[in-house]
Amino acid sequence: MKKISKNVLLVSSVGLAGSAFAVTNTHPVFAANNAATNANSSQDVASAQTQVNEAQKEVDQTQSQLNAAEGQLSTANNNLDQKNADLQKAKEAVDNANSKVASASSDNSSAQSQLDKAQSDVDSANSDYQDAVKEDKDQQQKVADAESELKDKQGQLDEIHKKNSDINAQIDSTNSDINNYQSQISDLQKKKDELTPKLDAAQEALNAKQQKIDAATQDLQKAQKDLGEATSTNEQFPLPQSYIDYVTGKSIDWDTATKDLQEAAASYTSPFADGDASDNVYDDPSALSDSDRKRLNLYVKNLIDSINSQVGSTNKMTVTDGSLEYAKRYTQRFQSINELLQSDSDAIELASANMGLVDYAVIGYDIAADRQVISKSVSISNGNVQTSYEYGTTKMSEIAKAAFDLITQQLADPSSYKNIIDHNCYFSVAVTTRDDKFHVCLLTIYSSGLPSSFGTKEVLPDEIVAKEDAVKKAQTALDQAKNDASPEQSTYDQLQSQNQELDQQISDLQAKINDAQNSINDLRSQIEDDRFAQLDVNVANADLTQEQSAAQLTAAKVQSAQTWLNTAQSTLASAKQGVDSTKAELDKAESDLNNVKQKLQAAQQAYDSASKAQSDASKNVDSLKQQLATANTKLAHAKAELVLAQTKQNTDNKQNQGSSDNKQSQGNSDNKQKSDNSNTKKDTNNSKSSSSTTGKKTTKKATTKKKSTNKAIKKTNKKKTPKKAAKKLTKKTIKKSSKKAKSTKKATKKKVAKKVKKAKKVVVASSKFTSLKGSKKAFVGKWKKAKSVSGYQVRYSTASSMKKAKTKSTKATKLKVSGLKSKKKYYVQLRSYRKLSGKTYYSAWTKAKTVKNR
C-alpha cells in the first residue's frame with residue numbers, strides 16, 4: 001500500500017478534523033498507535049478547549065481595533081480581487097483535471113462496486129451498532145435518573161419521618177412539663193387552704209378597728225374638699241381663642257388677637273362690685289388697709305394664674321410677706337418724693353435699699369387713674385406756680401378696676417405681654433397718688449440677690465389658712481387611728497401578702513400550662529402527612545423497575561448488532577483485496593492532476609503576492625488584518641482541533657473495543673474513507689466562505705490545498721487498481737455503484753459538517769452560580785458576571801434530565817423564580833448568551849444544581 005503524502009495531512013485545520021479521522025481509523029500505521037493515542041485523548045480535549053478560549057479572546061480584541069481602519073482597504077482590495085480571478089481560472093483547470101481523474105476512476109468502478117456494497121453493509125451494521133450503543137447508554141442514564149429520583153423521594157420521606165419524630169418528642173416533653181406544673185399548683189393550693197382561716201381571723205380583728213380609721217378618713221376627705229374649694233381661683237378672666245393662638249404660636253394675627261382681647265376686657269365683671277359692703281371708700285387711695293392691700297394682691301395673683309393656665313404656661317408669680325412689705329415701703333417712698341419725673345425709679349431704688357435688695361432685682365409696671373377732684377386752685381409764690389386740689393373719695397372697686405386695666409394693658413402690648421406669662425418671681429401691687437391721679441403699680445421681684453431677711457412665705461387668704469389647719473388636724477387623727485390598728489394591720493398585711501404570693505405563683509404556673517398547651521397545638525399542626533411522600537416513593541420505585549427492564553432489552557440489542565458488524569467487516573476485508581488490483585490504472589490520471597496542481601500553486605503564489613501588496617497599502621490596517629487573520633485562523637484551528645480531539649476520543653474508545661478485528665480490515669478501507677474526507681473538506685471550505693475579508697485569504701488557501709490532497713489520494717488509489725478489473729465493469733454498473741456509495745457516505749458528511757459549523761460559532765463566556773437558595777414557592781439564584789455577554793438564561797425542572805424544563809431570561813446577575821410548587825426539589829442550570837450581527841450565540845449549560853423551596 002502506498003504511503004500517504006504530507007499534503008494529505010496538511011489540509012486546512014477544518015479539513016484536518018475529517019481527514020485525520022479517516023486516516024487514524026483506516027491506515028495501518030495509525031492503527032498500531034491507537035492504544036497510546038487513546039490514553040492522551042482526554043488531555044488533548046482539555047488543551048484544545050483552552051486554545052479555543054484564548055483564540056476567541058484574541059479575535060474579539062483584534063476585531064475591535066480592525067473596525068476603525070477597514071475604510072482604508074478599498075484600493076488594495078481591487079488588486080486582490082484581480083489576483084483572485086486568476087486563481088479561480090487555475091482552479092477551473094484543476095477541476096478539468098479532476099474530471100479526467102473521475103473518468104479514469106469509472107474504469108475502476110466495477111471492482112469498486114463490490115467494495116462499496118461491502119462498505120455499505122459495514123456502514124449500515126456500524127450505524128445500527130452505534131444506534132444500539134447510544135440507545136443502551138441513554139437507557140442506562142434513564143436508570144440512573146430513576147435511581148436518583150427514588151433516592152430523592154426516599155430522602156424526602158425520611159426527612160418527614162424524622163421531623164414528625166422530633167415533634168412528637170417535643171410534645172411528650174411538654175406534656176411532662178404540664179404534669180409537673182399541675183403538681184406544683186396542687187401543692188400551692190394546699191398551702192393556700194391552710195392560710196385562709198388565719199387570714200379571715202386577721203381580717204375580723206382589723207375590721208374592729210377599721211371603723212375609727214374610716215371615720216378619721218372621712219373627716220380628712222371633708223377637710224381636704226373644703227380646702228380645695230377655698231383655694232380654687234374665682235377671679236377668672238377668659239381669654240379669647242385668637243389671643244391664645246397668637247401667644248402659643250398657632251397664629252400670627254396680632255390685630256385680631258388684641259381686638260378680641262379688648263372686647264373680652266370690656267365684658268369682664270370684676271369681683272369688686274360697686275356699692276358692695278366690702279367696697280371700702282378711701283380719702284387717700286395710697287392709704288389702703290392691710291386687709292384691702294392683701295385682697296388687691298391676691299386678686300391680681302388670681303388673674304395672672306388664670307391667664308397662665310389658659311396659655312399653657314407653668315410659670316408662677318407669688319405674693320409673699322416680703323413682697324407685701326416691699327409694696328408698703330415703695331408707697332411710702334413714692335409719696336415722699338416731690339419730683340414727678342423721677343418718682344417711679346427713685347421710689348424703687350429707695351425701697352430696695354431700705355430692704356437690702358439690689359435695685360435691678362425689681363421691675364415696676366404702673367397705670368394712672370383719675371381721682372375725684374372737688375376743687376382746684378392755682379397760686380404763684382416767688383415765681384413758682386402751685387396747684388392745690390380738694391379731693392373726693394376713691395372706692396376699692398375703682399382701684400381694682402385700675403389693677404385689671406394694668407394687666408390687660410400689658411397683655412395688649414406685643415413687646416410686654418410676656419412680662420405676665422413668662423416670669424417665675426415674687427410680686428406685689430402698690431397704690432400711690434400724685435395730683436389728680438392715683439397709680440396702681442405691679443412690682444416684680446426676682447429671687448436672685450435677695451437677702452435672707454426677705455420674707456418668702458406665701459400669703460394666702462385667712463379662710464384658706466383656717467382650712468389648712470383643719471386638714472392638718474384631720475390627718476393627725478387618721479394617723480393616730482392607723483397607729484392604733486397597726487398590729488392587726490401588720491398581721492393582716494403579712495398574711496395577705498403570703499396569700500397574694502401563692503395566688504401569683506398559681507397564676508404563673510397556670511400561664512405556663514396554657515403556653516405549653518398552645519405549644520403542643522402548634523407542634524401538632526406542624527406534623528406532616530407522609531402518605532403523599534410514600535406514594536411518590538412507590539411511583540419512583542416502579543419507574544426504576546421499568547427502566548431496568550428496558551435496559552436489559554437494549555443490552556441484548558447491542559450484542560446482536562455487534563455480531564452483525566463483525567460479519568460485515570469480514571466481507572469488507574475480502575472486497576478490499578479485489579479493489580487493490582485495480583488501483584494502478586488510476587495512478588496515471590492522478591499524476592496528470594499533480595501537474596495541473598503545480599500551476600494552481602503558482603496562481604496561489606501570485607494571489608499571495610497580491611495579498612502582501614494589499615497589506616503594504618496601509619501599515620496600520622495590514623498589521624491589524626494580519627493579527628485578525630492570525631487570530632481567526634488560530635481560532636478556527638483551535639475549534640477544529642477541539643472537534644478532532646473530541647471525535648478522536650470517542651472513536652478511540654469505540655475502536656479499542658474491537659481493535660483485534662479492525663487491524664486487518666482498516667488497511668483496506670483507505671479509498672472509501674479518503675473519498676468521504678474529500679467531500680467533508682469541501683463542505684468545510686463552503687462553510688468558511690462566509691468569513692470576514694481577512695478570513696477569505698486563509699480559506700482560499702485551505703481550499704486549494706484540500707483539492708490537491710484529494711487528487712493525490714485518488715492518484716494513489718488509481719496506481720493500485722489493476723486495469724483488467726476496471727475493464728470488466730460496464731459504465732452502467734459503475735454509475736449505479738457510485739450512486740449507492742454516495743448515499744452510504746451522506747450521514748458521515750453531515751456529521752462532520754455539523755461539527756465544522758459548531759467550530760465556527762462565537763465562543764460565549766460562561767458563568768456559574770455563586771448561590772442558589774430556596775424560599776416559599778420560589779428560589780433565588782445569583783452568579784458571577786461574565787465578560788462580553790448580552791444576558792443570561794436560567795432553566796429549571798423537577799427532573800434531573802431537565803425534561804419539560806422552563807427557561808427564564810435576564811440581563812442581571814440575579815433572578816428570582818416564583819410560582820413554583822411548595823416543598824419541591826428543582827434542578828437548575830445557567831448559561832450566557834451574546835447577540836452579534838442580529839444573531840444570538842449561547843454558552844453551554846452549567847452542571848445542574850439542586851435547590852428545594854418551602
# chains A, B, ... in the order shown; residues from 1 in each chain; ligands from 1
$ select_by_dssp --residues "range 369-598 of chain A" --states "helix (DSSP H, G or I)" --output "PyMOL selection string"
chain A and resi 396-411+418-421+462-484+486-526+531-580+585-598
$ closest_atom_pairs --of "range 156-272 of chain A" --to "range 509-528 of chain A" --cutoff "6 Å" --atoms "only C-alpha atoms" --output "CSV"
residue,atom,partner,partner_atom,distance
A:Asn164,CA,A:Ile527,CA,5.4
A:Ile171,CA,A:Ile520,CA,5.6
A:Ile178,CA,A:Ile513,CA,5.5
A:Tyr181,CA,A:Leu509,CA,5.9
$ write_last_selection --atoms "N, CA and C atoms" --output "compact mmCIF listing (two decimals), in the first residue's frame"
# COMPACT_ATOMS: atom_id res chain seq x y z
N ASN A 164 -41.37 14.55 62.03
CA ASN A 164 -42.53 14.16 62.86
C ASN A 164 -42.07 13.51 64.17
N ILE A 171 -43.57 17.18 71.98
CA ILE A 171 -44.91 17.12 72.58
C ILE A 171 -44.86 16.33 73.89
N ILE A 178 -46.24 19.98 81.73
CA ILE A 178 -47.59 20.32 82.18
C ILE A 178 -47.93 19.53 83.45
N TYR A 181 -46.18 21.12 86.34
CA TYR A 181 -46.82 22.37 86.75
C TYR A 181 -48.10 22.10 87.55
$ atom_distance --atom1 "CA of Ile348 in chain A" --atom2 "CA of Asp283 in chain A"
24.5 Å
$ residues_around --residues "range 319-327 of chain A" --least-positions-apart "3" --cutoff "7 Å" --atoms "only C-alpha atoms" --output "list in words"
Tyr330, Thr331, Ala351, Tyr426, Phe427, Ser428, Val429, Ala430, Phe454, Gly455, Thr456, Lys457, Glu458 and Val459 of chain A
$ atom_distance --atom1 "CA of Leu220 in chain A" --atom2 "CA of Ala481 in chain A"
12.2 Å
$ atom_distance --atom1 "CA of His161 in chain A" --atom2 "CA of Asp529 in chain A"
9.3 Å
